[in-house]
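Contents: one structure, followed by commentary.
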Amino acid sequence: MFITKKNRLAVYSYLFKEGTLVAKKDGWLAKHSDAIPVPNLEVLSLMKSFTSKGYTRETFNWQYHYFYLTNSGIEYLRQYLALPADIVPATLKASAAPRAPTREAEGAKKTGPDGDFKPEFSGEGGFGRGRKDGYRA
């Protein structure tokens, strides 16, 4: 399939920037998305080619293709788009998400029973089994 260089660059640059690409299994869509104004058939064809070369990994679920860029695909796109080595896809960037506070940081909140709690169990089973009054003995 012949794909213009402008469309190819739009798909490649989006794929490198995000690291992933989601495409609906519909070859008749006139436009893939607002971010990529390329016919969906061209996007699917390019991604099929990338998957066969080992540049992307594909997962198909509920009529959607999910493409994930591999390390060899990152190197290929970096060379094709003439990008420096310090630019990486968004999937490889470390997120600075705040960590959940630990129990020590919360203070001395103690949950549960006090130290003098001593439950007594008869050890004869639950739900009325082993009753001493002779019911269903």
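Convention: chains lettered A, B, ... in structure tokens order; per-chain residue numbering from 1; ligands numbered from 1 as shown.
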Excluding same-chain residues fewer than 3 positions from Gly73 of chain A, what lies within 8 Å of it counting only C-alpha atoms, as a VMD selection string?
chain A and resid 50 54 to 56 69 to 70 76 to 77
Find the residues near segment 79-92 of chain A: any atom within 6 Å, counting only C-alpha atoms, skip ones fewer than 3 places away on the same chain, and give them as a PyMOL selection string.
chain A and resi 16-19+76
Find the residues near Pro39 of chain A: any atom within 8 Å, counting only C-alpha atoms, skip ones fewer than 5 places away on the same chain, and give them as a ChimeraX atom specification.
/A:27-32
Selection from above, N, CA and C atoms, as a short mmCIF file (atom, residue, chain, number, x, y, z; two decimals), in the first residue's frame, can you write it?
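Resulting contents of result-v6.cif:
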```cif
data_model
loop_
_atom_site.label_atom_id
_atom_site.label_comp_id
_atom_site.auth_asym_id
_atom_site.auth_seq_id
_atom_site.Cartn_x
_atom_site.Cartn_y
_atom_site.Cartn_z
N GLY A 27 -11.30 -0.38 8.68
CA GLY A 27 -10.53 0.19 7.58
C GLY A 27 -11.22 1.31 6.85
N TRP A 28 -12.49 1.54 7.14
CA TRP A 28 -13.25 2.58 6.44
C TRP A 28 -13.25 3.92 7.16
N LEU A 29 -12.64 4.02 8.34
CA LEU A 29 -12.59 5.30 9.04
C LEU A 29 -11.77 6.29 8.22
N ALA A 30 -12.31 7.46 8.00
CA ALA A 30 -11.63 8.47 7.20
C ALA A 30 -10.44 9.07 7.95
N LYS A 31 -10.53 9.09 9.28
CA LYS A 31 -9.47 9.70 10.09
C LYS A 31 -9.26 8.80 11.31
N HIS A 32 -8.00 8.50 11.61
CA HIS A 32 -7.71 7.63 12.75
C HIS A 32 -8.15 8.26 14.06
#
```
Which distance in Å separates atom CA of Tyr66 of chain A and atom CA of Pro98 of chain A, to one decimal?
28.1 Å
Just checking: using only C-alpha atoms, which residue out of A:Leu41, A:Met1, A:Ile36, A:Met47 ends up closest to Tyr68 of chain A?
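Among the listed residues, A:Met47 lies closest to Tyr68 of chain A.
Atom CA of Trp62 of chain A is found 15.2 Å from atom CA of Leu21 of chain A.
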Given the choices A:Thr59, A:Pro113, A:Val38, A:Asp26, which gets closest to Thr4 of chain A if the distance is worked out from only C-alpha atoms?
A:Val38
Counting only C-alpha atoms, which of A:Ser52, A:Lys25, A:Arg78, A:Leu44 gets nearest to Ser13 of chain A?
A:Arg78
For Val22 of chain A: contacts at 7 Å, only C-alpha atoms, fewer than 3 positions along chain excluded, given as a PyMOL selection string:
chain A and resi 64-67
With N, CA and C atoms kept, could you save the residues just selected as a short mmCIF file (atom, residue, chain, number, x, y, z; two decimals), in the first residue's frame?
```cif
data_model
loop_
_atom_site.label_atom_id
_atom_site.label_comp_id
_atom_site.auth_asym_id
_atom_site.auth_seq_id
_atom_site.Cartn_x
_atom_site.Cartn_y
_atom_site.Cartn_z
N TYR A 64 -10.27 -3.86 18.87
CA TYR A 64 -9.23 -2.82 18.92
C TYR A 64 -7.86 -3.47 18.91
N HIS A 65 -6.96 -2.88 18.13
CA HIS A 65 -5.56 -3.32 18.11
C HIS A 65 -4.79 -2.42 19.07
N TYR A 66 -3.99 -3.03 19.92
CA TYR A 66 -3.11 -2.29 20.83
C TYR A 66 -1.68 -2.61 20.43
N PHE A 67 -0.93 -1.58 20.04
CA PHE A 67 0.44 -1.76 19.59
C PHE A 67 1.39 -1.13 20.61
#
```
Assign secondary structure with DSSP using the backbone only, and return the residues of segment 14-85 of chain A in helix (DSSP H, G or I) as a list in words.
Tyr14, Leu15, Phe16, Lys17, Glu18, Asn40, Leu41, Glu42, Val43, Leu44, Ser45, Leu46, Met47, Lys48, Ser49, Phe50, Thr51, Ser52, Lys53, Asn71, Ser72, Gly73, Ile74, Glu75, Tyr76, Leu77, Arg78, Gln79 and Tyr80 of chain A
For the selection you just gave me, I'd like the residues written to a file as a compact mmCIF listing (two decimals), in the first residue's frame, keeping N, CA, C and O atoms.
```
# COMPACT_ATOMS: atom_id res chain seq x y z
N TYR A 14 3.97 10.09 16.28
CA TYR A 14 3.02 9.84 17.37
C TYR A 14 3.39 8.55 18.11
O TYR A 14 3.36 8.51 19.34
N LEU A 15 3.73 7.52 17.37
CA LEU A 15 4.10 6.25 17.99
C LEU A 15 5.34 6.40 18.85
O LEU A 15 5.41 5.86 19.96
N PHE A 16 6.32 7.15 18.37
CA PHE A 16 7.53 7.33 19.17
C PHE A 16 7.26 8.20 20.39
O PHE A 16 7.78 7.93 21.47
N LYS A 17 6.44 9.22 20.24
CA LYS A 17 6.16 10.11 21.37
C LYS A 17 5.42 9.38 22.48
O LYS A 17 5.77 9.50 23.65
N GLU A 18 4.41 8.59 22.14
CA GLU A 18 3.58 7.91 23.14
C GLU A 18 4.13 6.55 23.55
O GLU A 18 3.97 6.14 24.69
N ASN A 40 -7.50 5.46 8.81
CA ASN A 40 -7.23 4.35 9.73
C ASN A 40 -6.63 3.16 9.01
O ASN A 40 -5.83 2.42 9.59
N LEU A 41 -6.98 2.95 7.76
CA LEU A 41 -6.42 1.84 6.99
C LEU A 41 -4.90 1.98 6.86
O LEU A 41 -4.17 0.99 6.96
N GLU A 42 -4.42 3.21 6.66
CA GLU A 42 -2.97 3.43 6.55
C GLU A 42 -2.28 3.17 7.89
O GLU A 42 -1.19 2.60 7.93
N VAL A 43 -2.92 3.57 8.98
CA VAL A 43 -2.34 3.32 10.31
C VAL A 43 -2.25 1.82 10.56
O VAL A 43 -1.22 1.30 11.01
N LEU A 44 -3.33 1.09 10.25
CA LEU A 44 -3.32 -0.35 10.45
C LEU A 44 -2.27 -1.04 9.58
O LEU A 44 -1.60 -1.98 10.02
N SER A 45 -2.09 -0.56 8.35
CA SER A 45 -1.09 -1.14 7.46
C SER A 45 0.32 -0.90 7.97
O SER A 45 1.16 -1.81 7.94
N LEU A 46 0.59 0.31 8.42
CA LEU A 46 1.91 0.61 8.96
C LEU A 46 2.21 -0.22 10.21
O LEU A 46 3.31 -0.75 10.37
N MET A 47 1.22 -0.36 11.07
CA MET A 47 1.42 -1.12 12.31
C MET A 47 1.56 -2.61 12.03
O MET A 47 2.29 -3.31 12.72
N LYS A 48 0.86 -3.09 11.02
CA LYS A 48 1.01 -4.49 10.62
C LYS A 48 2.43 -4.76 10.13
O LYS A 48 3.04 -5.78 10.46
N SER A 49 2.96 -3.82 9.38
CA SER A 49 4.33 -3.93 8.89
C SER A 49 5.33 -3.88 10.05
O SER A 49 6.28 -4.66 10.10
N PHE A 50 5.09 -2.97 11.00
CA PHE A 50 5.98 -2.86 12.16
C PHE A 50 5.95 -4.13 13.00
O PHE A 50 6.97 -4.56 13.52
N THR A 51 4.77 -4.73 13.14
CA THR A 51 4.66 -5.95 13.94
C THR A 51 5.39 -7.10 13.26
O THR A 51 6.08 -7.89 13.93
N SER A 52 5.29 -7.20 11.94
CA SER A 52 5.98 -8.29 11.24
C SER A 52 7.49 -8.13 11.29
O SER A 52 8.22 -9.12 11.26
N LYS A 53 7.97 -6.90 11.40
CA LYS A 53 9.42 -6.66 11.51
C LYS A 53 9.92 -6.77 12.94
O LYS A 53 11.12 -6.73 13.18
N ASN A 71 12.04 -2.38 21.95
CA ASN A 71 13.34 -1.69 21.97
C ASN A 71 13.92 -1.55 20.56
O ASN A 71 14.48 -0.51 20.22
N SER A 72 13.77 -2.58 19.73
CA SER A 72 14.27 -2.46 18.35
C SER A 72 13.45 -1.43 17.57
O SER A 72 13.98 -0.73 16.71
N GLY A 73 12.17 -1.31 17.87
CA GLY A 73 11.34 -0.30 17.23
C GLY A 73 11.73 1.10 17.65
O GLY A 73 11.70 2.04 16.84
N ILE A 74 12.11 1.26 18.91
CA ILE A 74 12.57 2.57 19.39
C ILE A 74 13.84 2.97 18.66
O ILE A 74 13.97 4.11 18.19
N GLU A 75 14.76 2.03 18.50
CA GLU A 75 16.00 2.34 17.78
C GLU A 75 15.74 2.66 16.31
O GLU A 75 16.33 3.59 15.76
N TYR A 76 14.83 1.90 15.67
CA TYR A 76 14.52 2.17 14.27
C TYR A 76 13.90 3.55 14.09
O TYR A 76 14.29 4.32 13.21
N LEU A 77 12.91 3.88 14.94
CA LEU A 77 12.26 5.18 14.80
C LEU A 77 13.20 6.33 15.15
O LEU A 77 13.12 7.40 14.55
N ARG A 78 14.07 6.11 16.10
CA ARG A 78 15.04 7.15 16.46
C ARG A 78 15.96 7.44 15.26
O ARG A 78 16.27 8.60 14.98
N GLN A 79 16.35 6.40 14.55
CA GLN A 79 17.19 6.59 13.38
C GLN A 79 16.39 7.19 12.21
O GLN A 79 16.87 8.08 11.52
N TYR A 80 15.14 6.72 12.01
CA TYR A 80 14.31 7.20 10.90
C TYR A 80 13.92 8.67 11.09
O TYR A 80 13.92 9.44 10.14
```
